[in-house]
Amino acid sequence: MDDLDALVADVWRSLEPTMRADAARLSALVADLDADAVAEQPPPHDGVPDPRWAQVRELAHRLAGSLGSLGQREAGAAAVALEELSAGLVHPPSAAWPDIVARTGDLVARLGTPSASD
Amino acid sequence: MSRTILLVDDDDAIRLVARLSLERLGGHEVVAVAGGQAALEALAATAPDVVLLDVMMPGMDGPTTLQRVREHPAGASVDVVFLTASVRPDEVARLEALGVVGVLGKPFEPTALPGQLAALLGWDEGEPGPTPTSTPGPTPSGADH
């Protein structure tokens with residue numbers, strides 16, 4: 001068991017830069033979309049899902065599915081919370097943004113990744 | 001008893017960790033591929049006891065891969081277990097209705113995965129995992145061996 005834990009820790013160390021980069025990208029996308037939502041600008045692609053949001057969902061889904069298995073339980077739980085909020089939302093309503101921003105901030109904080117606002 | 005597991009997931013992290021868990025702790029042989037097409041190519045050569053199949057993958061997703069596996073001569077009756085980060089009850093029910101043994105959730109606990117899989121499949125080896133939700137996850141031309 002200890003042997004497995006050590007091996008999983010090795011896997012985490014090898015993937016950590018990539019996953020931190022994914023989290024930073026996620027944070028930047030959310031900050032970008034949040035700026036649009038706060039300014040109440042019209043959707044950039046009228047009636048068409050914003051491709052930035054699709055990337056947010058994809059990144060949140062990937063991090064939610066893997067961080068916990070890599071021993072990053074707190075960050076993993078934050079990613080799961082974000083994934084649960086974003087899954088199935090094609091057009092996130094502006095009212096959802098405070099939660100989305102908060103959960104993204106929680107994820108990057110627990111992962112120790114600089115957020116887009118830093 | 002060692003089994004052969006065909007693990008299909010586009011996420012490098014999941015392939016690495018699931019493979020470590022199932023090989024080191026479960027004592028199984030794992031062939032890990034990154035997508036549906038690679039899984040179909042591996043099916044005949046591998047003759048797996050079970051296919052552990054991710055749901056959301058680019059290109060050919062899990063349900064489509066399952067359909068293609070069932071059409072494959074070597075896959076018509078093979079046990080399939082979905083591996084997914086979406087474990088909402090309605091989604092689990094939808095996946096189970098596709099004719100799989102069960103659904104395992106991601107993230108999974110590496111120390112529990114072999115037991116959860118064994119419990120779903122009725123294998124008598126391994127420690128039963130905490131809660132196989134009926135719970136939440138590797139390349140023939142690119143197979144990780």
# chains A, B, ... in the order shown; residues from 1 in each chain; ligands from 1
call {"tool": "closest_atom_pairs", "arguments": {"of": "chain A", "to": "chain B", "cutoff": "6 Å", "atoms": "only C-alpha atoms", "output": "CSV"}}
result
residue,atom,partner,partner_atom,distance
A:Gly65,CA,B:Pro107,CA,4.6
A:Ser66,CA,B:Pro107,CA,5.3
A:Gly68,CA,B:Pro107,CA,5.2
A:Ser69,CA,B:Pro107,CA,5.1
call {"tool": "select_by_dssp", "arguments": {"residues": "segment 35-109 of chain B", "states": "strand (DSSP E or B)", "output": "ChimeraX atom specification"}}
result
/B:50-54,79-84,102-105
call {"tool": "write_last_selection", "arguments": {"atoms": "C-alpha atoms", "output": "PDB file, in the first residue's frame"}}
result
ATOM      1  CA  VAL B  50     -13.186  -6.740 -18.748  1.00  0.00           C
ATOM      2  CA  VAL B  51     -13.039  -3.439 -20.584  1.00  0.00           C
ATOM      3  CA  LEU B  52     -12.801  -0.454 -18.242  1.00  0.00           C
ATOM      4  CA  LEU B  53     -14.121   2.333 -20.436  1.00  0.00           C
ATOM      5  CA  ASP B  54     -14.071   6.099 -19.937  1.00  0.00           C
ATOM      6  CA  ASP B  79     -17.804  -7.446 -19.582  1.00  0.00           C
ATOM      7  CA  VAL B  80     -17.644  -3.668 -19.767  1.00  0.00           C
ATOM      8  CA  VAL B  81     -17.509  -1.217 -16.861  1.00  0.00           C
ATOM      9  CA  PHE B  82     -17.825   2.506 -17.458  1.00  0.00           C
ATOM     10  CA  LEU B  83     -15.456   4.909 -15.728  1.00  0.00           C
ATOM     11  CA  THR B  84     -16.814   8.436 -15.423  1.00  0.00           C
ATOM     12  CA  GLY B 102     -21.672  -1.176 -13.830  1.00  0.00           C
ATOM     13  CA  VAL B 103     -20.278   2.321 -13.504  1.00  0.00           C
ATOM     14  CA  LEU B 104     -17.246   3.371 -11.457  1.00  0.00           C
ATOM     15  CA  GLY B 105     -16.733   7.006 -10.528  1.00  0.00           C
TER      16      GLY B 105
END
call {"tool": "residues_around", "arguments": {"residues": "Val78 of chain B", "least_positions_apart": "2", "cutoff": "10 Å", "atoms": "only C-alpha atoms", "output": "PyMOL selection string"}}
result
chain B and resi 43+47-51+69-70+74-76+80-81+100-101
call {"tool": "write_last_selection", "arguments": {"atoms": "N, CA and C atoms", "output": "compact mmCIF listing (two decimals), in the first residue's frame"}}
result
# COMPACT_ATOMS: atom_id res chain seq x y z
N LEU B 43 -8.65 -5.12 -28.87
CA LEU B 43 -9.63 -6.09 -28.35
C LEU B 43 -9.28 -7.53 -28.70
N ALA B 47 -7.90 -10.04 -25.70
CA ALA B 47 -8.92 -10.95 -25.14
C ALA B 47 -9.15 -10.63 -23.66
N PRO B 48 -9.59 -9.41 -23.36
CA PRO B 48 -9.68 -8.99 -21.95
C PRO B 48 -10.82 -9.67 -21.21
N ASP B 49 -10.67 -9.79 -19.90
CA ASP B 49 -11.77 -10.24 -19.05
C ASP B 49 -12.78 -9.12 -18.86
N VAL B 50 -12.30 -7.89 -18.89
CA VAL B 50 -13.19 -6.74 -18.75
C VAL B 50 -12.58 -5.54 -19.47
N VAL B 51 -13.46 -4.72 -20.00
CA VAL B 51 -13.04 -3.44 -20.58
C VAL B 51 -13.48 -2.35 -19.62
N VAL B 69 -17.60 -2.02 -29.77
CA VAL B 69 -17.07 -3.24 -29.12
C VAL B 69 -18.06 -4.39 -29.28
N ARG B 70 -19.34 -4.10 -29.07
CA ARG B 70 -20.37 -5.14 -29.18
C ARG B 70 -20.48 -5.69 -30.60
N ALA B 74 -14.72 -10.09 -31.14
CA ALA B 74 -14.08 -10.41 -29.85
C ALA B 74 -14.71 -9.67 -28.68
N GLY B 75 -15.72 -8.85 -28.97
CA GLY B 75 -16.26 -8.02 -27.90
C GLY B 75 -17.73 -8.19 -27.62
N ALA B 76 -18.36 -9.10 -28.33
CA ALA B 76 -19.82 -9.22 -28.21
C ALA B 76 -20.27 -9.49 -26.78
N VAL B 80 -18.08 -5.06 -19.65
CA VAL B 80 -17.64 -3.67 -19.77
C VAL B 80 -18.09 -2.90 -18.54
N VAL B 81 -17.20 -2.10 -18.00
CA VAL B 81 -17.51 -1.22 -16.86
C VAL B 81 -17.15 0.20 -17.28
N VAL B 100 -23.96 -2.46 -19.58
CA VAL B 100 -22.65 -2.68 -18.96
C VAL B 100 -22.85 -3.31 -17.60
N VAL B 101 -21.76 -3.83 -17.04
CA VAL B 101 -21.85 -4.45 -15.72
C VAL B 101 -22.09 -3.39 -14.66
call {"tool": "select_by_dssp", "arguments": {"residues": "chain A", "states": "alpha helix (DSSP H)", "output": "number ranges by chain"}}
result
A: 2-38, 51-66, 73-86, 97-111
call {"tool": "residues_around", "arguments": {"residues": "segment 23-38 of chain A", "least_positions_apart": "5", "cutoff": "12 Å", "atoms": "only C-alpha atoms", "output": "PyMOL selection string"}}
result
chain A and resi 16-18+43-44+50-64+67+75-76+78-79+82-83+86+91-118
call {"tool": "write_last_selection", "arguments": {"atoms": "C-alpha atoms", "output": "PDB file, in the first residue's frame"}}
result
ATOM      1  CA  GLU A  16       1.971  18.368 -11.661  1.00  0.00           C
ATOM      2  CA  PRO A  17       3.275  21.022 -14.112  1.00  0.00           C
ATOM      3  CA  THR A  18       0.679  20.074 -16.719  1.00  0.00           C
ATOM      4  CA  PRO A  43     -22.787  36.758 -25.894  1.00  0.00           C
ATOM      5  CA  PRO A  44     -19.980  36.893 -28.408  1.00  0.00           C
ATOM      6  CA  ASP A  50     -19.215  30.298 -26.153  1.00  0.00           C
ATOM      7  CA  PRO A  51     -16.146  28.198 -27.002  1.00  0.00           C
ATOM      8  CA  ARG A  52     -14.409  29.544 -23.897  1.00  0.00           C
ATOM      9  CA  TRP A  53     -17.125  28.028 -21.733  1.00  0.00           C
ATOM     10  CA  ALA A  54     -16.746  24.693 -23.494  1.00  0.00           C
ATOM     11  CA  GLN A  55     -13.051  24.796 -22.567  1.00  0.00           C
ATOM     12  CA  VAL A  56     -13.923  25.591 -18.967  1.00  0.00           C
ATOM     13  CA  ARG A  57     -16.216  22.571 -18.808  1.00  0.00           C
ATOM     14  CA  GLU A  58     -13.617  20.308 -20.409  1.00  0.00           C
ATOM     15  CA  LEU A  59     -10.834  21.437 -18.071  1.00  0.00           C
ATOM     16  CA  ALA A  60     -13.048  21.230 -14.982  1.00  0.00           C
ATOM     17  CA  HIS A  61     -14.160  17.745 -15.974  1.00  0.00           C
ATOM     18  CA  ARG A  62     -10.607  16.530 -16.483  1.00  0.00           C
ATOM     19  CA  LEU A  63      -9.295  17.991 -13.226  1.00  0.00           C
ATOM     20  CA  ALA A  64     -12.312  16.702 -11.307  1.00  0.00           C
ATOM     21  CA  LEU A  67      -6.834  15.196  -9.011  1.00  0.00           C
ATOM     22  CA  ALA A  75      -7.976  20.360  -4.822  1.00  0.00           C
ATOM     23  CA  GLY A  76      -9.830  17.389  -6.246  1.00  0.00           C
ATOM     24  CA  ALA A  78     -12.824  21.747  -5.321  1.00  0.00           C
ATOM     25  CA  ALA A  79     -12.587  20.559  -8.927  1.00  0.00           C
ATOM     26  CA  LEU A  82     -16.791  23.191 -10.029  1.00  0.00           C
ATOM     27  CA  GLU A  83     -17.516  20.306 -12.387  1.00  0.00           C
ATOM     28  CA  SER A  86     -20.663  23.512 -14.831  1.00  0.00           C
ATOM     29  CA  HIS A  91     -25.061  28.796 -21.480  1.00  0.00           C
ATOM     30  CA  PRO A  92     -24.198  29.550 -17.853  1.00  0.00           C
ATOM     31  CA  PRO A  93     -26.591  32.245 -16.585  1.00  0.00           C
ATOM     32  CA  SER A  94     -24.935  35.371 -15.255  1.00  0.00           C
ATOM     33  CA  ALA A  95     -26.426  34.563 -11.836  1.00  0.00           C
ATOM     34  CA  ALA A  96     -24.217  31.465 -11.738  1.00  0.00           C
ATOM     35  CA  TRP A  97     -21.000  33.417 -12.168  1.00  0.00           C
ATOM     36  CA  PRO A  98     -20.305  34.261  -8.535  1.00  0.00           C
ATOM     37  CA  ASP A  99     -20.350  30.546  -7.679  1.00  0.00           C
ATOM     38  CA  ILE A 100     -18.297  29.621 -10.729  1.00  0.00           C
ATOM     39  CA  VAL A 101     -15.695  32.260  -9.924  1.00  0.00           C
ATOM     40  CA  ALA A 102     -15.605  31.269  -6.254  1.00  0.00           C
ATOM     41  CA  ARG A 103     -15.191  27.568  -6.963  1.00  0.00           C
ATOM     42  CA  THR A 104     -12.505  28.213  -9.567  1.00  0.00           C
ATOM     43  CA  GLY A 105     -10.677  30.390  -7.050  1.00  0.00           C
ATOM     44  CA  ASP A 106     -10.995  27.631  -4.475  1.00  0.00           C
ATOM     45  CA  LEU A 107      -9.531  25.117  -6.894  1.00  0.00           C
ATOM     46  CA  VAL A 108      -6.491  27.174  -7.814  1.00  0.00           C
ATOM     47  CA  ALA A 109      -5.903  28.141  -4.183  1.00  0.00           C
ATOM     48  CA  ARG A 110      -5.949  24.539  -3.020  1.00  0.00           C
ATOM     49  CA  LEU A 111      -3.689  23.555  -5.878  1.00  0.00           C
ATOM     50  CA  GLY A 112      -1.367  26.441  -5.097  1.00  0.00           C
ATOM     51  CA  THR A 113      -1.698  27.779  -8.611  1.00  0.00           C
ATOM     52  CA  PRO A 114      -1.523  31.521  -9.243  1.00  0.00           C
ATOM     53  CA  SER A 115      -5.000  32.653 -10.256  1.00  0.00           C
ATOM     54  CA  ALA A 116      -5.794  34.988 -13.133  1.00  0.00           C
ATOM     55  CA  SER A 117      -6.389  37.788 -10.644  1.00  0.00           C
ATOM     56  CA  ASP A 118      -2.979  37.456  -8.975  1.00  0.00           C
TER      57      ASP A 118
END
call {"tool": "atom_distance", "arguments": {"atom1": "atom CA of Ala39 of chain B", "atom2": "atom CA of Val8 of chain B"}}
result
6.5 Å
